[in-house]
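Engineer: So here's structure_39.txt, just compact mmCIF, C-alpha atoms:
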# COMPACT_ATOMS: atom_id res chain seq x y z
CA MET A 1 -11.32 -32.97 46.72
CA ALA A 2 -11.70 -33.76 43.07
CA SER A 3 -11.45 -30.08 42.13
CA ASN A 4 -8.29 -29.64 44.24
CA GLU A 5 -6.66 -32.66 42.62
CA LYS A 6 -7.57 -31.28 39.19
CA VAL A 7 -5.95 -27.92 40.01
CA GLN A 8 -2.80 -29.64 41.29
CA LEU A 9 -2.57 -31.79 38.14
CA MET A 10 -2.89 -28.68 35.91
CA GLU A 11 -0.20 -26.83 37.87
CA LEU A 12 2.09 -29.85 37.63
CA SER A 13 1.44 -30.02 33.88
CA ASP A 14 2.31 -26.32 33.46
CA GLU A 15 5.53 -26.76 35.44
CA THR A 16 6.48 -29.77 33.29
CA GLU A 17 5.85 -27.81 30.08
CA ALA A 18 7.86 -24.84 31.37
CA SER A 19 10.81 -27.01 32.37
CA SER A 20 10.80 -28.89 29.08
CA SER A 21 10.68 -25.63 27.08
CA ALA A 22 13.53 -24.21 29.18
CA GLU A 23 15.60 -27.36 28.60
CA SER A 24 14.95 -27.22 24.86
CA GLN A 25 15.95 -23.54 24.84
CA PHE A 26 19.23 -24.31 26.63
CA ASP A 27 19.89 -27.19 24.20
CA ALA A 28 19.26 -24.87 21.24
CA GLU A 29 21.64 -22.27 22.65
CA ASP A 30 24.33 -24.93 23.19
CA ASP A 31 23.88 -26.18 19.60
CA GLN A 32 24.20 -22.64 18.24
CA GLU A 33 27.37 -22.01 20.26
CA SER A 34 28.88 -25.28 19.08
CA GLY A 35 28.02 -24.46 15.47
CA THR A 36 25.88 -27.56 14.82
CA VAL A 37 22.82 -25.52 13.79
CA PRO A 38 22.67 -22.24 11.86
CA LYS A 39 21.99 -19.03 13.73
CA PRO A 40 18.35 -17.94 13.25
CA ALA A 41 17.56 -14.60 11.64
CA ALA A 42 16.24 -11.69 13.67
CA ILE A 43 12.77 -12.16 12.15
CA SER A 44 12.61 -15.66 13.61
CA ARG A 45 11.17 -15.46 17.10
CA PRO A 46 8.97 -17.67 19.32
CA ARG A 47 5.25 -17.12 19.13
CA LEU A 48 3.80 -17.30 22.64
CA LEU A 49 0.06 -17.42 23.13
CA GLN A 50 -1.39 -15.54 26.07
CA ARG A 51 -3.39 -17.65 28.50
CA ASN A 52 -5.98 -16.68 31.07
CA SER A 53 -4.62 -16.92 34.59
CA SER A 54 -8.01 -17.88 36.01
CA LEU A 55 -9.29 -21.45 35.77
CA LYS A 56 -12.88 -20.26 35.45
CA PRO A 57 -14.54 -20.58 32.03
CA VAL A 58 -14.47 -17.37 30.00
CA ALA A 59 -17.83 -15.71 29.49
CA VAL A 60 -18.91 -15.44 25.85
CA ARG A 61 -20.68 -12.29 24.66
CA GLY A 62 -24.37 -12.90 24.00
CA GLU A 63 -24.53 -16.11 26.01
CA SER A 64 -26.37 -14.62 29.00
CA LYS A 65 -29.53 -16.56 29.88
CA LEU A 66 -32.23 -13.98 29.23
CA LYS A 67 -35.66 -14.59 27.80
CA LEU A 68 -36.31 -14.62 24.06
CA LYS A 69 -38.61 -11.63 24.56
CA SER A 70 -35.64 -9.50 25.52
CA ILE A 71 -34.08 -9.96 22.05
CA LEU A 72 -37.25 -8.86 20.29
CA ASP A 73 -37.64 -5.94 22.70
CA ARG A 74 -34.13 -4.73 21.93
CA ILE A 75 -34.80 -4.84 18.19
CA LYS A 76 -37.99 -2.78 18.65
CA GLU A 77 -36.32 -0.32 21.01
CA PHE A 78 -33.49 0.39 18.55
CA PRO A 79 -35.06 0.37 15.07
CA CYS A 80 -33.10 0.89 11.87
CA GLN A 81 -29.83 -0.05 13.61
CA GLY A 82 -29.27 -3.40 11.90
CA LEU A 83 -30.17 -5.49 14.97
CA GLU A 84 -31.54 -8.97 14.31
CA ARG A 85 -32.05 -12.35 15.94
CA ARG A 86 -29.75 -15.06 14.70
CA ASP A 87 -29.53 -18.58 16.22
CA GLY A 88 -31.02 -17.35 19.47
CA HIS A 89 -28.54 -14.45 19.81
CA LEU A 90 -28.80 -10.69 19.35
CA VAL A 91 -26.58 -9.74 16.42
CA CYS A 92 -25.64 -6.41 14.83
CA SER A 93 -25.71 -7.17 11.11
CA VAL A 94 -24.01 -3.86 10.36
CA CYS A 95 -20.92 -4.45 12.53
CA HIS A 96 -21.08 -8.27 12.13
CA GLU A 97 -20.78 -9.07 15.83
CA SER A 98 -22.86 -10.58 18.64
CA LEU A 99 -24.21 -8.26 21.33
CA SER A 100 -25.17 -8.63 24.91
CA GLN A 101 -28.94 -8.51 25.44
CA LYS A 102 -28.65 -5.94 28.20
CA LYS A 103 -30.26 -2.66 27.24
CA SER A 104 -27.32 -0.58 28.47
CA SER A 105 -24.86 -2.63 26.37
CA VAL A 106 -27.00 -2.33 23.24
CA LYS A 107 -27.40 1.43 23.73
CA LYS A 108 -23.65 1.84 24.16
CA HIS A 109 -23.04 -0.09 20.94
CA VAL A 110 -25.52 1.80 18.73
CA LEU A 111 -24.12 5.13 19.95
CA SER A 112 -20.52 4.12 19.30
CA LYS A 113 -18.41 5.68 16.54
CA LYS A 114 -17.70 2.26 15.07
CA HIS A 115 -21.42 1.55 14.61
CA GLU A 116 -21.97 4.98 13.05
CA ILE A 117 -19.18 4.40 10.52
CA SER A 118 -20.51 0.91 9.75
CA LEU A 119 -23.99 2.31 9.05
CA GLY A 120 -22.51 4.78 6.58
CA LYS A 121 -20.58 2.02 4.85
CA GLN A 122 -23.72 -0.10 4.63
CA LYS A 123 -25.62 2.72 2.91
CA MET A 124 -22.80 3.18 0.41
CA GLU A 125 -22.67 -0.57 -0.18
CA ARG A 126 -26.41 -0.74 -0.87
CA LYS A 127 -26.11 2.17 -3.27
CA ARG A 128 -23.22 0.42 -4.99
CA GLN A 129 -25.20 -2.82 -5.18
CA MET A 130 -28.06 -0.99 -6.86
CA GLY A 131 -25.58 0.31 -9.43
CA LEU A 132 -24.29 -3.21 -10.07
CA THR A 133 -27.87 -4.44 -10.44
CA GLU A 134 -28.56 -1.81 -13.09
CA ALA A 135 -25.29 -2.71 -14.83
CA MET A 136 -26.31 -6.38 -14.81
CA LYS A 137 -29.67 -5.53 -16.36
CA LYS A 138 -27.85 -3.67 -19.17
CA ARG A 139 -25.64 -6.73 -19.58
CA ASP A 140 -28.74 -8.93 -19.86
CA ALA A 141 -29.98 -6.74 -22.71
CA GLN A 142 -26.99 -7.95 -24.75
CA ARG A 143 -28.34 -11.54 -24.56
CA LEU A 144 -25.01 -13.08 -23.57
CA ALA A 145 -24.70 -16.83 -23.15
CA GLY A 146 -24.97 -18.43 -19.70
CA GLU A 147 -27.12 -15.71 -18.09
CA SER A 148 -29.99 -17.94 -16.91
CA LEU A 149 -29.15 -17.70 -13.19
CA PRO A 150 -31.19 -15.47 -10.83
CA LEU A 151 -30.27 -11.80 -10.85
CA ASP A 152 -29.24 -11.72 -7.16
CA GLN A 153 -26.78 -14.57 -7.65
CA ARG A 154 -25.15 -12.95 -10.68
CA VAL A 155 -24.89 -9.61 -8.85
CA TYR A 156 -23.17 -11.39 -5.95
CA ARG A 157 -20.68 -12.96 -8.35
CA MET A 158 -19.95 -9.57 -9.84
CA GLN A 159 -19.47 -8.15 -6.32
CA VAL A 160 -16.92 -10.86 -5.51
CA ALA A 161 -15.01 -10.16 -8.73
CA GLU A 162 -15.10 -6.40 -8.04
CA VAL A 163 -13.77 -6.79 -4.47
CA PHE A 164 -10.88 -8.97 -5.64
CA LEU A 165 -9.96 -6.46 -8.35
CA LYS A 166 -10.19 -3.53 -5.92
CA ALA A 167 -7.95 -5.33 -3.40
CA GLY A 168 -5.37 -6.22 -6.05
CA ILE A 169 -5.85 -9.96 -5.47
CA PRO A 170 -5.46 -12.18 -8.55
CA LEU A 171 -8.86 -13.42 -9.59
CA HIS A 172 -7.72 -17.04 -9.75
CA LYS A 173 -7.47 -17.00 -5.94
CA VAL A 174 -11.27 -17.21 -5.90
CA ASP A 175 -10.99 -20.91 -6.74
CA ASP A 176 -9.21 -21.56 -3.42
CA LEU A 177 -11.56 -19.32 -1.38
CA ARG A 178 -14.87 -20.64 -2.67
CA PRO A 179 -15.66 -22.62 0.53
CA LEU A 180 -15.45 -19.33 2.46
CA LEU A 181 -17.27 -17.12 -0.06
CA GLU A 182 -20.15 -19.41 -0.93
CA HIS A 183 -22.13 -18.73 2.25
CA ARG A 184 -24.85 -16.91 0.30
CA TYR A 185 -24.72 -18.09 -3.30
CA ARG A 186 -22.74 -20.61 -5.26
CA LEU A 187 -19.86 -19.09 -7.21
CA THR A 188 -18.25 -20.18 -10.44
CA SER A 189 -14.66 -20.59 -11.60
CA SER A 190 -12.36 -17.60 -11.87
CA SER A 191 -12.29 -17.88 -15.67
CA HIS A 192 -16.04 -17.26 -15.76
CA LEU A 193 -15.85 -14.48 -13.16
CA SER A 194 -13.35 -12.66 -15.38
CA GLU A 195 -16.16 -12.16 -17.91
CA TYR A 196 -17.63 -9.56 -15.55
CA ILE A 197 -14.52 -7.34 -15.75
CA PRO A 198 -15.69 -5.23 -18.75
CA THR A 199 -19.02 -4.58 -17.00
CA ILE A 200 -17.24 -3.61 -13.77
CA LEU A 201 -14.93 -1.28 -15.70
CA ASP A 202 -17.84 0.46 -17.43
CA GLU A 203 -19.62 0.90 -14.09
CA GLU A 204 -16.46 2.35 -12.52
CA ARG A 205 -16.07 4.84 -15.35
CA GLN A 206 -19.64 5.99 -14.87
CA GLN A 207 -19.06 6.45 -11.14
CA VAL A 208 -15.95 8.55 -11.79
CA ALA A 209 -17.78 10.62 -14.40
CA LYS A 210 -20.52 11.36 -11.82
CA GLU A 211 -17.89 12.46 -9.28
CA LEU A 212 -16.29 14.81 -11.79
CA ASN A 213 -19.54 16.27 -13.10
CA GLY A 214 -19.27 20.08 -13.15
CA ARG A 215 -15.90 20.20 -11.34
CA LEU A 216 -12.62 21.82 -12.31
CA ILE A 217 -10.02 19.10 -12.86
CA GLY A 218 -6.30 18.75 -13.38
CA LEU A 219 -4.65 16.00 -15.42
CA ILE A 220 -1.58 14.11 -14.22
CA PHE A 221 -0.04 11.77 -16.77
CA ASP A 222 3.13 9.75 -17.09
CA GLY A 223 4.46 6.69 -18.85
CA SER A 224 6.82 3.84 -18.05
CA ALA A 225 8.94 2.49 -20.88
CA ARG A 226 10.27 -0.60 -19.09
CA LEU A 227 8.17 -3.16 -21.02
CA GLY A 228 6.73 -1.37 -24.02
CA GLU A 229 4.97 1.56 -22.32
CA ALA A 230 2.22 1.87 -19.73
CA ILE A 231 0.46 5.25 -19.87
CA ALA A 232 -1.28 6.32 -16.66
CA ILE A 233 -3.71 9.26 -16.46
CA VAL A 234 -4.87 10.55 -13.06
CA VAL A 235 -7.55 13.20 -12.53
CA ARG A 236 -7.16 15.57 -9.57
CA PHE A 237 -10.06 17.61 -8.18
CA VAL A 238 -11.53 19.13 -5.00
CA ASP A 239 -14.73 17.61 -3.62
CA ASP A 240 -17.61 19.29 -1.75
CA LYS A 241 -15.71 19.00 1.57
CA TRP A 242 -12.69 20.82 0.08
CA ASP A 243 -10.63 17.65 0.20
CA ILE A 244 -8.23 16.96 -2.66
CA GLN A 245 -9.19 13.76 -4.47
CA GLN A 246 -7.41 11.74 -7.15
CA ARG A 247 -8.79 9.09 -9.48
CA LEU A 248 -6.95 6.85 -11.90
CA VAL A 249 -9.02 7.16 -15.06
CA ARG A 250 -6.82 5.44 -17.62
CA LEU A 251 -4.07 2.83 -17.68
CA ARG A 252 -3.16 1.84 -21.20
CA THR A 253 -0.34 -0.46 -22.30
CA VAL A 254 1.17 -0.10 -25.76
CA ALA A 255 3.76 -2.19 -27.61
CA LYS A 256 6.30 0.63 -27.86
CA SER A 257 6.82 4.16 -26.65
CA VAL A 258 4.43 6.76 -28.05
CA ASN A 259 5.29 10.10 -29.62
CA ALA A 260 3.72 13.44 -28.71
CA PRO A 261 0.69 13.34 -31.09
CA GLN A 262 -0.14 9.79 -29.98
CA LEU A 263 0.11 10.73 -26.30
CA ALA A 264 -2.11 13.78 -26.83
CA GLN A 265 -4.65 11.58 -28.61
CA VAL A 266 -4.76 9.08 -25.71
CA ILE A 267 -5.34 11.88 -23.17
CA ASN A 268 -7.96 13.64 -25.29
CA GLN A 269 -9.83 10.38 -25.91
CA CYS A 270 -9.91 9.66 -22.18
CA VAL A 271 -11.20 13.11 -21.18
CA ALA A 272 -13.51 13.96 -24.06
CA THR A 273 -14.84 10.54 -25.11
CA GLU A 274 -14.78 8.34 -22.01
CA LEU A 275 -15.36 10.91 -19.25
CA ARG A 276 -17.18 13.42 -21.51
CA HIS A 277 -15.80 16.27 -19.43
CA PRO A 278 -16.19 19.81 -20.82
CA ALA A 279 -12.95 21.31 -22.16
CA GLU A 280 -13.42 24.59 -20.24
CA LEU A 281 -13.30 22.65 -16.92
CA VAL A 282 -9.84 21.19 -17.60
CA VAL A 283 -7.57 23.77 -15.98
CA SER A 284 -4.15 22.19 -15.47
CA THR A 285 -1.72 19.48 -16.50
CA MET A 286 1.02 18.01 -14.30
CA ARG A 287 3.85 15.92 -15.72
CA ASP A 288 7.61 15.49 -15.76
CA GLY A 289 9.94 17.42 -18.05
CA ALA A 290 10.35 14.80 -20.80
CA SER A 291 10.32 16.37 -24.26
CA VAL A 292 7.49 14.14 -25.48
CA ASN A 293 5.28 15.35 -22.60
CA THR A 294 6.08 18.99 -23.36
CA ALA A 295 5.08 18.57 -27.01
CA ALA A 296 1.92 16.66 -26.01
CA VAL A 297 0.80 19.50 -23.71
CA ALA A 298 1.37 21.98 -26.52
CA ALA A 299 -0.96 19.91 -28.73
CA LEU A 300 -3.58 19.59 -25.94
CA SER A 301 -3.64 23.35 -25.37
CA VAL A 302 -5.49 23.71 -28.68
CA PHE A 303 -8.44 21.68 -27.34
CA TYR A 304 -8.11 22.82 -23.71
CA PRO A 305 -7.14 26.52 -23.77
CA LYS A 306 -7.42 27.05 -20.00
CA ILE A 307 -4.82 24.50 -18.93
CA PHE A 308 -1.96 25.71 -16.77
CA ASP A 309 1.07 23.46 -17.35
CA VAL A 310 3.04 22.40 -14.25
CA VAL A 311 6.33 20.57 -14.64
CA CYS A 312 7.12 18.25 -11.73
CA PHE A 313 9.59 20.01 -9.41
CA SER A 314 10.53 16.70 -7.78
CA HIS A 315 11.75 15.30 -11.10
CA THR A 316 13.61 18.53 -11.81
CA MET A 317 15.42 18.51 -8.46
CA ASN A 318 16.27 14.82 -8.81
CA ASN A 319 17.74 15.44 -12.25
CA ALA A 320 19.75 18.36 -10.85
CA GLY A 321 21.21 16.07 -8.22
CA GLN A 322 22.40 13.66 -10.87
CA ARG A 323 24.63 16.45 -12.24
CA PHE A 324 26.65 16.87 -9.03
CA ASP A 325 30.32 16.52 -10.06
CA PHE A 326 32.33 14.51 -7.48
CA PRO A 327 34.61 12.17 -9.51
CA LEU A 328 36.29 10.31 -6.64
CA LEU A 329 33.03 9.98 -4.70
CA ASP A 330 31.32 8.60 -7.83
CA GLU A 331 34.05 5.95 -8.15
CA PHE A 332 33.71 5.02 -4.46
CA THR A 333 29.91 4.91 -4.73
CA ASN A 334 29.89 2.55 -7.72
CA LEU A 335 32.27 0.18 -5.95
CA TRP A 336 30.29 0.37 -2.70
CA VAL A 337 27.00 -0.37 -4.48
CA SER A 338 28.58 -3.31 -6.31
CA LEU A 339 29.99 -4.69 -3.06
CA PHE A 340 26.60 -4.88 -1.33
CA ALA A 341 24.56 -5.78 -4.41
CA HIS A 342 26.34 -9.06 -5.12
CA SER A 343 27.04 -10.52 -1.67
CA SER A 344 24.59 -11.32 1.12
CA HIS A 345 27.56 -12.14 3.39
CA VAL A 346 28.73 -8.53 3.11
CA LYS A 347 25.30 -7.29 4.19
CA LEU A 348 25.28 -9.59 7.24
CA ALA A 349 28.86 -8.61 8.14
CA TRP A 350 27.99 -4.88 7.97
CA ARG A 351 24.92 -5.42 10.14
CA ALA A 352 27.02 -7.32 12.68
CA LYS A 353 29.63 -4.54 12.65
CA THR A 354 27.34 -1.51 12.96
CA GLY A 355 24.06 -2.93 14.24
CA THR A 356 22.09 -1.57 11.27
CA ALA A 357 21.42 -2.73 7.71
CA MET A 358 22.98 -0.85 4.81
CA LYS A 359 20.45 0.96 2.64
CA SER A 360 20.09 -0.59 -0.79
CA HIS A 361 20.46 1.29 -4.06
CA SER A 362 17.68 1.51 -6.63
CA GLU A 363 17.87 2.89 -10.15
CA THR A 364 14.24 4.05 -10.03
CA ARG A 365 13.96 5.56 -6.53
CA TRP A 366 14.66 9.26 -6.08
CA TRP A 367 17.87 10.12 -4.24
CA SER A 368 18.64 6.48 -3.56
CA LYS A 369 22.42 7.05 -3.73
CA TRP A 370 22.20 10.09 -1.45
CA GLU A 371 20.31 8.11 1.20
CA MET A 372 22.93 5.38 1.05
CA LEU A 373 25.86 7.83 1.19
CA HIS A 374 24.21 9.73 4.03
CA GLN A 375 24.27 6.49 6.01
CA VAL A 376 27.89 5.87 5.02
CA SER A 377 28.85 9.33 6.28
CA GLY A 378 27.37 8.51 9.68
CA TYR A 379 29.43 5.30 9.91
CA PHE A 380 32.47 6.56 8.02
CA GLY A 381 34.79 5.61 10.87
CA ASP A 382 33.67 1.97 10.55
CA VAL A 383 34.14 1.72 6.77
CA LEU A 384 37.91 1.15 6.69
CA PRO A 385 37.99 -1.38 9.58
CA PHE A 386 35.04 -3.19 8.03
CA LEU A 387 36.81 -3.56 4.68
CA GLN A 388 40.06 -4.64 6.33
CA GLU A 389 38.27 -7.31 8.36
CA ASN A 390 36.45 -8.67 5.29
CA ARG A 391 39.13 -8.60 2.59
CA LYS A 392 38.12 -12.02 1.28
CA MET A 393 34.51 -10.99 0.59
CA SER A 394 34.32 -9.78 -3.02
CA ALA A 395 38.09 -9.50 -2.95
CA ARG A 396 38.55 -7.48 -6.14
CA THR A 397 35.98 -4.83 -5.24
CA THR A 398 37.19 -4.68 -1.64
CA GLN A 399 40.81 -4.11 -2.75
CA LYS A 400 39.76 -1.19 -4.95
CA LEU A 401 37.89 0.40 -2.05
CA LEU A 402 40.85 -0.13 0.27
CA ALA A 403 43.15 1.49 -2.28
CA ILE A 404 41.07 4.68 -1.99
CA LEU A 405 40.67 4.69 1.79
CA GLU A 406 44.21 3.66 2.69
CA CYS A 407 45.69 6.47 0.57
CA PRO A 408 45.83 9.58 2.82
CA ASN A 409 45.26 12.09 0.00
CA GLN A 410 42.39 10.21 -1.62
CA SER A 411 40.79 9.47 1.74
CA HIS A 412 40.88 13.17 2.62
CA VAL A 413 39.37 14.19 -0.73
CA LEU A 414 36.71 11.48 -0.41
CA ARG A 415 35.71 12.74 3.03
CA LEU A 416 35.41 16.32 1.75
CA GLN A 417 33.32 15.32 -1.27
CA LEU A 418 31.08 13.10 0.86
CA SER A 419 30.49 15.90 3.39
CA ALA A 420 29.69 18.40 0.61
CA LEU A 421 27.26 16.02 -1.08
CA VAL A 422 25.41 15.20 2.15
CA ASP A 423 25.22 18.85 3.23
CA VAL A 424 24.16 20.36 -0.10
CA GLY A 425 21.98 17.45 -1.16
CA ARG A 426 19.89 17.55 2.02
CA HIS A 427 17.84 20.53 0.76
CA PHE A 428 17.27 18.85 -2.61
CA VAL A 429 16.16 15.60 -0.98
CA GLU A 430 13.79 17.25 1.48
CA GLY A 431 12.33 19.42 -1.28
CA THR A 432 11.87 16.44 -3.60
CA TYR A 433 9.95 14.39 -1.06
CA ALA A 434 7.93 17.35 0.23
CA LEU A 435 6.70 18.33 -3.27
CA GLU A 436 5.66 14.85 -4.39
CA GLY A 437 2.67 14.66 -2.02
CA ASP A 438 -1.08 15.21 -2.44
CA GLY A 439 -1.68 18.35 -0.39
CA PRO A 440 -1.90 22.04 -1.34
CA LEU A 441 1.73 22.13 -2.46
CA ALA A 442 1.42 25.51 -4.18
CA LEU A 443 1.51 27.12 -0.72
CA VAL A 444 4.90 25.59 0.19
CA CYS A 445 6.55 25.23 -3.22
CA TYR A 446 8.21 28.66 -3.20
CA THR A 447 9.61 28.15 0.30
CA ARG A 448 11.18 24.83 -0.69
CA LEU A 449 12.72 26.23 -3.86
CA GLN A 450 14.02 29.27 -1.99
CA ALA A 451 15.77 27.00 0.53
CA ILE A 452 17.61 25.33 -2.34
CA ALA A 453 18.53 28.61 -4.01
CA THR A 454 20.05 30.04 -0.83
Now, as a test, write the supplied structure out as C-alpha cells.

Structural biologist:
Amino acid sequence: MASNEKVQLMELSDETEASSSAESQFDAEDDQESGTVPKPAAISRPRLLQRNSSLKPVAVRGESKLKLKSILDRIKEFPCQGLERRDGHLVCSVCHESLSQKKSSVKKHVLSKKHEISLGKQKMERKRQMGLTEAMKKRDAQRLAGESLPLDQRVYRMQVAEVFLKAGIPLHKVDDLRPLLEHRYRLTSSSHLSEYIPTILDEERQQVAKELNGRLIGLIFDGSARLGEAIAIVVRFVDDKWDIQQRLVRLRTVAKSVNAPQLAQVINQCVATELRHPAELVVSTMRDGASVNTAAVAALSVFYPKIFDVVCFSHTMNNAGQRFDFPLLDEFTNLWVSLFAHSSHVKLAWRAKTGTAMKSHSETRWWSKWEMLHQVSGYFGDVLPFLQENRKMSARTTQKLLAILECPNQSHVLRLQLSALVDVGRHFVEGTYALEGDGPLALVCYTRLQAIAT
C-alpha cells in the first residue's frame, strides 16, 4: 500500500509540474503578444532534462556485488592494460572509467578501439613526460631560485603550464582551477608557472627538430602589419606515413614592418640556427606576392640554392577579383555594407523579411563582398520592398539605395552587373578556397587555373 501511495503522489507531482509549466508558457506567450516583455532571440530556448520513465533505481557501472577476488583476477587476466583496483572498484586508468567486473565486459573493453587509442596516447604522454623530466634536470643545472621542491612536483607544474599553452587558455586561469588540478600535487600561482615557458619552448623546438631530422622541408612565411608586424614561419613536410604535416616554428613580433634583408635574416636564423636544418634539405618557399617577400626569397636563394619559389595562387586570384570594374555595383555595395554595419535593427528586419541572416563584410576575409552579393542576388526581389518598408532605418543610406533601385535604367544596369559578378566570380572563389588547403594541391592547381582561364 505504501508503495502504491508513493507512486500516486509522484504522478500527481509530475502532473502539477506539467500544468504549472504549461500555464507559465501561456502567460509568457500572452505577455509577448501584448508587448510587455521583449521577444526572446532564437538562441534562447528551454533546456529540458531527460528523465528515466522507470521508477526503479538506475544501476551504476561497477557496483555489482562480486567478490574482491574477482577484481584481482581480472587484473591478472588482462595484464598491461591499465586495469587497477580503486576504492573497491575495477577501474581502467588508461580510459579513466569504471568497469564492470564481469570477464566478458572487461574483455570487450580492452579490445575496443577507444581503449587501443587511449593506450597509444598514454605511451606518448609517458614519452613526453620523460622529455619534460630531462628538461627540468637541465633547468636545475642553472641553479635557479625556488627549485627546492621534488622533481615530480615541478614536472607536474610544467605539464599543467604546457597544457594550458597548447590549448590556448590564458595561464592566469590556473588560479581559478587550482581546486580541480591539485589532485596530485600542489600548484603555485600563474605568475610562477609562467617561469616555465622558456623551458617549454626550448623543449618544443627540440621536438620539432627531431621530427624534421633528415627530411625535405618547405617554408611558408607571412607577416601581419596590423600592430607593428607579426612574422609567422611554418615548416611543411611529409612524415613516414606519407601524410603532409605542418609545424609553426617561429612567431616573432617586431615594432615596425621589416624590409627584405631583415625578413631573410629572420627566416635564415630560424632554419639554420634554431632548427639546425641542412640547407640542401630546404626545397621550397611558399608566400604571397608582396614585393618584400619576393626580394627576401631572392636573398635566401643564395643560402638555399634548391628552393622552388611558389607564390600563393589564392592571394593572386583574390587580388584579381578586386580589379573587377563595375562602377554602379561598387556604389551599391558600399551603401549596402554601410547599411548593415551600423544598424542591428536592419539586420533583424532583413532576417524577419527573408528568414535568413545577411552575410557580414570583412576587410580581411577573401571574397567577403562576393559572398554577400551572391546572397543579395538570390534575394534580389526582396531588396526593393525591404528598403521601402524600412525607410526610417538609416534614412540617408536607405534613400541613396532606393534612388538606384527605383530608377529603371540604373536598376537594370545593377542587375546585369550583379549577375556578371556572381557568374564570373564563382570560378575565382572556388579556386581560391580550393587552393588554400593542406593537401597535395599541385595535382589540382592546373585544373583550377584552367577553369578560370576558360

Engineer: For stretch 389-398 of chain A, work out the shell of residues within 8 Å, counting all atoms listed in the file and skipping chain neighbours fewer than 6 positions away, then give it as a ChimeraX atom specification.

Structural biologist: /A:335,338-339,343,345-346

Engineer: Could you tell me how far atom CA of A:Arg247 lies from atom CA of A:Gly439, in Å and to one decimal?

Structural biologist: 14.8 Å

Engineer: Compile the contact shell of A:His361 as a PyMOL selection string: residues with an atom at most 10 Å away, counting all atoms listed in the file, same-chain residues fewer than 2 positions apart removed.

Structural biologist: chain A and resi 336-338+340-341+358-359+363-365+367-373

Engineer: I'd like the neighbourhood of A:Leu83 as number ranges by chain, where a residue qualifies if any of its atoms comes within 12 Å (using all atoms listed in the file), though same-chain residues fewer than 2 positions away should be ignored.

Structural biologist: A: 71-81, 85-86, 89-101, 106-107, 109-110, 115, 119

Engineer: Which one of A:Gly378, A:Pro440, A:Gly431, A:Pro278 sits closest to A:Ala453 if you count all atoms listed in the file?

Structural biologist: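 Ranking A:Gly378, A:Pro440, A:Gly431, A:Pro278 by distance to A:Ala453, first place goes to A:Gly431.
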
Engineer: Of the candidates A:Met136, A:Leu193, A:Leu151, A:Val254, which one gets nearest to A:Val163 if we count only C-alpha atoms?

Structural biologist: A:Leu193

Engineer: Which is closer to A:Arg154 than all the others in A:Asp239, A:Leu405, A:Tyr185, A:Lys173, using all atoms listed in the file?

Structural biologist: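 Looking at the shortest contact to A:Arg154, the residue is A:Tyr185.
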
Engineer: I need the residue nearest A:Phe221 from this list: A:Ser194, A:Asn259, A:Gln159, A:Thr285. Use only C-alpha atoms for the distance.

Structural biologist: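 Of A:Ser194, A:Asn259, A:Gln159, A:Thr285, the one nearest A:Phe221, counting only C-alpha atoms, is A:Thr285.
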
Engineer: By how many Å are atom CA of A:Ala434 and atom CA of A:Gln450 apart?

Structural biologist: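 Spanning atom CA of A:Ala434 to atom CA of A:Gln450 is a straight-line distance of 13.6 Å.
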
Engineer: To one decimal place, how far is atom CA of A:Ala135 from atom CA of A:Ala161 in Å?

Structural biologist: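 For atom CA of A:Ala135 relative to atom CA of A:Ala161, the distance reads 14.1 Å.
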
Engineer: Which residue out of A:Asp176, A:Asp152, A:Asp202, A:Glu430 has the minimum interatomic distance to A:Asn318 when all atoms listed in the file are used?

Structural biologist: A:Glu430

Engineer: Calculated over all atoms listed in the file, which of the candidates A:Leu329, A:Leu387, A:Cys312, A:Leu263 has the smallest distance to A:Ser419?

Structural biologist: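 Checking each candidate against A:Ser419, we get A:Leu329 as the closest.
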